[in-house]
There are 2 protein chains.
Amino acid sequence: MADGTNRKITLKSRPSGYPTPTDFEMIEEPIPQPGEGEVLVQAIWLSLDPYMRGRIGEGASMAGPLPLGEVMIGGVVGRIVKSRNPSFSAGEIVEGNLGWQEYATSNGTDLRRVDASLGPLSTALSVLGMTGMTAYFGFLDVCEPKPGDVVVVSAASGAVGQVVGQIAKIAGCYVVGTAGSQDKIDYIVKELGFDAGINYKTENIGEAIAAVCPNGIDVYFDNVGGPVTDAVMENLALRARIAICGQISQYNLSEPEMGPRNIRMLNIRQAKMEGFLVFQFANRHDEGRQRIAQWIREGKLKYREDIVEGIENAPTAFIGMLRGENFGKMLIKISDE
Amino acid sequence: MADGTNRKITLKSRPSGYPTPTDFEMIEEPIPQPGEGEVLVQAIWLSLDPYMRGRIGEGASMAGPLPLGEVMIGGVVGRIVKSRNPSFSAGEIVEGNLGWQEYATSNGTDLRRVDASLGPLSTALSVLGMTGMTAYFGFLDVCEPKPGDVVVVSAASGAVGQVVGQIAKIAGCYVVGTAGSQDKIDYIVKELGFDAGINYKTENIGEAIAAVCPNGIDVYFDNVGGPVTDAVMENLALRARIAICGQISQYNLSEPEMGPRNIRMLNIRQAKMEGFLVFQFANRHDEGRQRIAQWIREGKLKYREDIVEGIENAPTAFIGMLRGENFGKMLIKISDE
């Protein structure tokens, strides 16, 4: 704040296919001043997430498309540096959707105080934040796992997948993860305790899934869609439950992709496929946060963050994440804690 | 029984694509005699249903494939003509999976007595039988409709679809049906009281659905799959519920069909798609039967049967049904009541 400049990343053009760095623009402007009832937040951590791709494209998305020229949306953990809102004091750590920028004002209604006793501040965006809540509620509430269930998680080393797989182990399930490199497979199997891992880039995914799930798949937590999902569909157990958390394989196609029609498998296996958003469970996020924090304290749940420094590097980090180049939850460190 | 001959239709060859009459063979043999504990049933009505296509093909199905040379499976209403089982008496009317044949023996465990006071005997296979139960439980339990919901039913004049649409009207929903001829559209709209009908063969299904469901589709009861389902997927309302009852558009393809990947829409709309089989609700069929019988008595629910006479005509009637040439529930009249 010394020089009084706020750097922010805006959407310059609407990508078709994978975004490129020139789809974004970094703008410098004076740090905004909080109005009456507002606070000024200095960002410390910025969360980068696949859902953002949906908001900058043309098509249907969780919300309307972000207008060109607007600050990119994103969850931030930051410190209140000025407060004109009686509910907040300077120095408090908060989390909110403040976007890809170093400073932001807020009237406070969308800010959540971060409980630093639960974990490092970054975890308020990762395992104890939206990512962890997505895993917790998407798996436990949408998939309704039972001990002994065979669970497949796609993008298993990713921000959500790694948490889902570990909760599934805690819940007594047999857990298979798919990922796109041997390092990631080693991580989920050797470090996180998954029962098996499949490298979808080097293995025949259909044969590999059938081999490790000979009695079929009871639960599929899907982050990717495409051929991995096709392979799972052909190997569903009776009354299987599929949670659609994301479809990242489909977000960056310039033309819609065709795939085999396999809805029939839901019929034959009397199976359920359900899309969900973490906000559905907003009134229960505290429950999820407390449980995950406890599992971390007990050593039952680990997490991995992929940290890049500097707001100016957010676009390339985001593009890399869409290509699967990240390893764990993608975060931008914007300023020191 | 006068001449002592039983005529039965067996599976001669496993069809690829649409079945042809030569995939079936009619065999004449002496009427079987019931053993100790068995009954002999003379068939009156035979039910023809799309699920049978799954059982005669190579691929995954609700059960294993029917072996070549075996009698075609199928639900039958018939009269007990001989009984060596103390639980049944000659003259009683029963329903069971007795297959495409004029006479069958049974040990009685899979037979259900037909309550003739509820409706004509044929209805034990149609609106008060498996068809009606599929509609009742698939719609009310899987789709969980609420008054005011926008409901789309595919194959809306068919055996299941016509019942689903009328129950949806009883439940206070706005109901749109898709069908493949103007006669069928007129029937569901003018006779059954659907709010709108779309002829998927002559209309642009995507535009037509968007036009009659401008606020999106809350419930989709799917019998067909393929392009009709694609169009619905693009027009789902938030928290939509989709019941997969059948996928008849996919049953007779010699090569699997490709379609647009649209699972992402479930995510965006936080929607659920669930496959089901009527047998899941077997312990509640009496409930469904009583309710539907009452709605028929009250004039709130009509039904239409498409009747062909003679077991020898079952193959061509079955093939026609798979092509959508039937109009209402397809039944073979095998003998006089």
# chains A, B, ... in the order shown; residues from 1 in each chain; ligands from 1
$ closest_atom_pairs --of "chain A" --to "chain B" --cutoff "6 Å" --atoms "only C-alpha atoms" --output "tab-separated table"
residue	atom	partner	partner_atom	distance
A:Ser61	CA	B:Ile268	CA	5.9
A:Met62	CA	B:Ile268	CA	5.0
A:Ile244	CA	B:Asn267	CA	5.8
A:Met258	CA	B:Pro260	CA	4.4
A:Gly259	CA	B:Met258	CA	5.1
A:Pro260	CA	B:Met258	CA	4.4
A:Arg261	CA	B:Met258	CA	5.5
A:Leu266	CA	B:Gly275	CA	4.7
A:Asn267	CA	B:Gly275	CA	3.9
A:Ile268	CA	B:Met62	CA	5.0
A:Gln270	CA	B:Phe276	CA	4.5
A:Ala271	CA	B:Gly275	CA	5.3
A:Lys272	CA	B:Glu274	CA	4.1
A:Met273	CA	B:Met273	CA	5.1
A:Glu274	CA	B:Lys272	CA	4.1
A:Gly275	CA	B:Asn267	CA	3.9
A:Phe276	CA	B:Gln270	CA	4.5
$ select_by_dssp --residues "segment 147-324 of chain B" --states "strand (DSSP E or B)" --output "ChimeraX atom specification"
/B:150-153,174-179,196-199,217-222,236-244,258-260,272-275,305-309
$ write_last_selection --atoms "C-alpha atoms" --output "short mmCIF file (atom, residue, chain, number, x, y, z; two decimals), in the first residue's frame"
data_model
loop_
_atom_site.label_atom_id
_atom_site.label_comp_id
_atom_site.auth_asym_id
_atom_site.auth_seq_id
_atom_site.Cartn_x
_atom_site.Cartn_y
_atom_site.Cartn_z
CA VAL B 150 -42.96 -27.85 -15.83
CA VAL B 151 -42.89 -31.51 -16.85
CA VAL B 152 -41.73 -32.93 -20.18
CA VAL B 153 -42.57 -36.54 -21.06
CA TYR B 174 -47.72 -28.03 -16.58
CA VAL B 175 -47.20 -30.94 -18.95
CA VAL B 176 -45.53 -31.13 -22.35
CA GLY B 177 -45.36 -34.36 -24.33
CA THR B 178 -43.23 -35.35 -27.29
CA ALA B 179 -44.44 -37.88 -29.85
CA ALA B 196 -48.63 -28.88 -25.13
CA GLY B 197 -47.32 -31.47 -27.55
CA ILE B 198 -44.25 -31.46 -29.77
CA ASN B 199 -43.89 -33.64 -32.85
CA ILE B 217 -38.01 -27.78 -17.37
CA ASP B 218 -38.35 -28.92 -13.77
CA VAL B 219 -39.06 -32.57 -14.48
CA TYR B 220 -38.21 -34.75 -17.47
CA PHE B 221 -39.53 -38.27 -17.69
CA ASP B 222 -37.50 -39.88 -20.43
CA LEU B 236 -33.32 -27.52 -17.61
CA ALA B 237 -34.54 -25.38 -14.74
CA LEU B 238 -32.50 -25.18 -11.55
CA ARG B 239 -32.72 -28.37 -9.49
CA ALA B 240 -34.42 -30.24 -12.31
CA ARG B 241 -35.12 -33.94 -11.88
CA ILE B 242 -34.81 -36.40 -14.75
CA ALA B 243 -36.09 -39.97 -14.58
CA ILE B 244 -34.55 -42.35 -17.09
CA MET B 258 -22.55 -40.33 -30.55
CA GLY B 259 -24.20 -37.27 -29.09
CA PRO B 260 -23.20 -33.95 -27.60
CA LYS B 272 -30.37 -34.87 -11.02
CA MET B 273 -30.74 -37.71 -13.53
CA GLU B 274 -31.74 -41.11 -12.24
CA GLY B 275 -32.35 -44.42 -13.91
CA GLU B 305 -54.24 -49.93 -25.68
CA ASP B 306 -53.05 -51.02 -29.10
CA ILE B 307 -54.28 -54.58 -29.55
CA VAL B 308 -53.15 -57.15 -32.10
CA GLU B 309 -54.72 -60.60 -32.21
#
$ atom_distance --atom1 "atom CA of Asp149 of chain A" --atom2 "atom CA of Tyr187 of chain A"
22.0 Å
$ residues_around --residues "Asp115 of chain A" --least-positions-apart "6" --cutoff "12 Å" --atoms "only C-alpha atoms" --output "PyMOL selection string"
chain A and resi 77+92-95+121-124+128-129+286+289-290+293
$ write_last_selection --atoms "all heavy atoms" --output "CSV table (one decimal), in the first residue's frame"
chain,number,residue,atom,x,y,z
A,77,VAL,N,-8.5,-14.4,0.5
A,77,VAL,CA,-8.3,-14.2,1.9
A,77,VAL,C,-7.4,-12.9,2.1
A,77,VAL,O,-6.4,-12.8,1.4
A,77,VAL,CB,-7.6,-15.4,2.6
A,77,VAL,CG1,-7.0,-15.0,4.0
A,77,VAL,CG2,-8.5,-16.5,2.7
A,92,GLU,N,-8.3,-7.5,11.0
A,92,GLU,CA,-9.0,-8.7,11.0
A,92,GLU,C,-8.8,-9.4,9.6
A,92,GLU,O,-8.7,-8.8,8.6
A,92,GLU,CB,-10.5,-8.5,11.2
A,92,GLU,CG,-10.9,-8.2,12.6
A,92,GLU,CD,-12.4,-8.3,12.8
A,92,GLU,OE1,-13.2,-7.5,12.2
A,92,GLU,OE2,-12.9,-9.2,13.5
A,93,ILE,N,-8.8,-10.8,9.7
A,93,ILE,CA,-8.6,-11.6,8.5
A,93,ILE,C,-9.9,-12.1,8.0
A,93,ILE,O,-10.7,-12.6,8.8
A,93,ILE,CB,-7.7,-12.8,8.7
A,93,ILE,CG1,-6.3,-12.3,9.2
A,93,ILE,CG2,-7.5,-13.6,7.4
A,93,ILE,CD1,-5.5,-11.5,8.3
A,94,VAL,N,-10.2,-11.8,6.7
A,94,VAL,CA,-11.6,-12.2,6.2
A,94,VAL,C,-11.4,-12.9,4.9
A,94,VAL,O,-10.3,-12.9,4.2
A,94,VAL,CB,-12.4,-10.9,6.0
A,94,VAL,CG1,-12.8,-10.3,7.3
A,94,VAL,CG2,-11.7,-9.9,5.0
A,95,GLU,N,-12.5,-13.6,4.4
A,95,GLU,CA,-12.5,-14.3,3.2
A,95,GLU,C,-13.7,-13.8,2.4
A,95,GLU,O,-14.8,-13.6,3.0
A,95,GLU,CB,-12.5,-15.8,3.4
A,95,GLU,CG,-12.5,-16.6,2.1
A,95,GLU,CD,-13.8,-17.3,1.9
A,95,GLU,OE1,-14.4,-17.9,2.8
A,95,GLU,OE2,-14.2,-17.2,0.7
A,121,LEU,N,-3.7,-19.5,6.9
A,121,LEU,CA,-4.7,-18.7,6.3
A,121,LEU,C,-5.1,-19.2,4.9
A,121,LEU,O,-6.2,-19.1,4.5
A,121,LEU,CB,-4.2,-17.3,6.2
A,121,LEU,CG,-3.9,-16.5,7.5
A,121,LEU,CD1,-3.6,-15.0,7.2
A,121,LEU,CD2,-5.2,-16.6,8.4
A,122,SER,N,-4.1,-19.8,4.2
A,122,SER,CA,-4.4,-20.2,2.8
A,122,SER,C,-5.5,-21.3,2.8
A,122,SER,O,-6.2,-21.4,1.8
A,122,SER,CB,-3.1,-20.8,2.1
A,122,SER,OG,-2.7,-21.9,2.9
A,123,THR,N,-5.6,-22.0,3.9
A,123,THR,CA,-6.6,-23.1,3.9
A,123,THR,C,-8.0,-22.6,3.9
A,123,THR,O,-8.9,-23.4,3.6
A,123,THR,CB,-6.4,-24.1,5.1
A,123,THR,OG1,-6.5,-23.3,6.3
A,123,THR,CG2,-5.0,-24.7,5.1
A,124,ALA,N,-8.2,-21.3,4.2
A,124,ALA,CA,-9.5,-20.8,4.2
A,124,ALA,C,-10.0,-20.7,2.7
A,124,ALA,O,-11.2,-20.5,2.5
A,124,ALA,CB,-9.5,-19.4,4.8
A,128,LEU,N,-10.1,-25.9,3.8
A,128,LEU,CA,-11.1,-25.4,4.8
A,128,LEU,C,-12.0,-24.3,4.1
A,128,LEU,O,-12.7,-23.6,4.8
A,128,LEU,CB,-10.4,-24.8,6.0
A,128,LEU,CG,-9.6,-25.9,6.9
A,128,LEU,CD1,-9.0,-25.2,8.1
A,128,LEU,CD2,-10.5,-27.0,7.3
A,129,GLY,N,-11.9,-24.2,2.8
A,129,GLY,CA,-12.7,-23.2,2.1
A,129,GLY,C,-13.6,-23.8,1.1
A,129,GLY,O,-14.0,-25.0,1.3
A,286,ASP,N,-20.0,-24.5,8.1
A,286,ASP,CA,-19.3,-24.6,9.4
A,286,ASP,C,-19.1,-26.0,9.8
A,286,ASP,O,-18.1,-26.4,10.3
A,286,ASP,CB,-20.0,-23.8,10.5
A,286,ASP,CG,-19.7,-22.3,10.4
A,286,ASP,OD1,-18.7,-21.9,9.7
A,286,ASP,OD2,-20.5,-21.5,11.0
A,289,ARG,N,-16.3,-27.5,7.7
A,289,ARG,CA,-15.0,-26.9,8.1
A,289,ARG,C,-14.5,-27.5,9.4
A,289,ARG,O,-13.3,-27.8,9.5
A,289,ARG,CB,-15.2,-25.4,8.2
A,289,ARG,CG,-14.0,-24.6,7.9
A,289,ARG,CD,-14.2,-23.1,7.9
A,289,ARG,NE,-15.5,-22.6,7.8
A,289,ARG,CZ,-16.0,-22.2,6.6
A,289,ARG,NH1,-15.3,-22.2,5.5
A,289,ARG,NH2,-17.3,-21.7,6.6
A,290,GLN,N,-15.4,-27.6,10.4
A,290,GLN,CA,-14.9,-28.2,11.7
A,290,GLN,C,-14.5,-29.6,11.5
A,290,GLN,O,-13.5,-30.1,12.1
A,290,GLN,CB,-16.1,-28.1,12.7
A,290,GLN,CG,-16.5,-26.7,13.1
A,290,GLN,CD,-15.4,-25.9,13.8
A,290,GLN,OE1,-14.5,-26.5,14.4
A,290,GLN,NE2,-15.4,-24.6,13.7
A,293,ALA,N,-11.1,-29.8,9.6
A,293,ALA,CA,-10.1,-29.3,10.5
A,293,ALA,C,-9.7,-30.4,11.5
A,293,ALA,O,-8.5,-30.6,11.8
A,293,ALA,CB,-10.5,-28.0,11.2
$ select_by_dssp --residues "segment 139-321 of chain B" --states "helix (DSSP H, G or I)" --output "PyMOL selection string"
chain B and resi 139-142+161-170+182-191+205-212+227-233+248-250+264-268+278-297+311-321
$ closest_residue --among "B:Ser87, B:Ser126, B:Thr131, B:Ser154" --to "Arg113 of chain B" --atoms "only C-alpha atoms"
B:Ser87
$ residues_around --residues "Ser254 of chain A" --least-positions-apart "6" --cutoff "9 Å" --atoms "only C-alpha atoms" --output "list of chain:residue names"
A:Pro15, A:Ser16, A:Gly17, A:Tyr18
$ write_last_selection --atoms "all heavy atoms" --output "mmCIF file, in the first residue's frame"
data_model
loop_
_atom_site.group_PDB
_atom_site.id
_atom_site.type_symbol
_atom_site.label_atom_id
_atom_site.label_comp_id
_atom_site.auth_asym_id
_atom_site.auth_seq_id
_atom_site.Cartn_x
_atom_site.Cartn_y
_atom_site.Cartn_z
ATOM 1 N N PRO A 15 -12.432 -15.815 -24.200
ATOM 2 C CA PRO A 15 -11.708 -16.889 -24.891
ATOM 3 C C PRO A 15 -12.642 -17.888 -25.558
ATOM 4 O O PRO A 15 -13.747 -18.149 -25.094
ATOM 5 C CB PRO A 15 -10.918 -17.565 -23.770
ATOM 6 C CG PRO A 15 -11.657 -17.231 -22.516
ATOM 7 C CD PRO A 15 -12.294 -15.893 -22.736
ATOM 8 N N SER A 16 -12.161 -18.417 -26.669
ATOM 9 C CA SER A 16 -12.784 -19.597 -27.270
ATOM 10 C C SER A 16 -11.699 -20.661 -27.222
ATOM 11 O O SER A 16 -10.585 -20.450 -27.690
ATOM 12 C CB SER A 16 -13.189 -19.284 -28.716
ATOM 13 O OG SER A 16 -13.450 -20.483 -29.400
ATOM 14 N N GLY A 17 -11.988 -21.780 -26.628
ATOM 15 C CA GLY A 17 -10.919 -22.744 -26.352
ATOM 16 C C GLY A 17 -10.161 -22.310 -25.109
ATOM 17 O O GLY A 17 -10.698 -21.587 -24.266
ATOM 18 N N TYR A 18 -8.930 -22.767 -24.986
ATOM 19 C CA TYR A 18 -8.148 -22.382 -23.810
ATOM 20 C C TYR A 18 -7.918 -20.876 -23.796
ATOM 21 O O TYR A 18 -7.611 -20.284 -24.841
ATOM 22 C CB TYR A 18 -6.797 -23.098 -23.808
ATOM 23 C CG TYR A 18 -6.872 -24.501 -23.278
ATOM 24 C CD1 TYR A 18 -6.952 -25.587 -24.139
ATOM 25 C CD2 TYR A 18 -6.883 -24.734 -21.904
ATOM 26 C CE1 TYR A 18 -7.043 -26.885 -23.647
ATOM 27 C CE2 TYR A 18 -6.974 -26.031 -21.411
ATOM 28 C CZ TYR A 18 -7.049 -27.100 -22.289
ATOM 29 O OH TYR A 18 -7.148 -28.369 -21.795
#
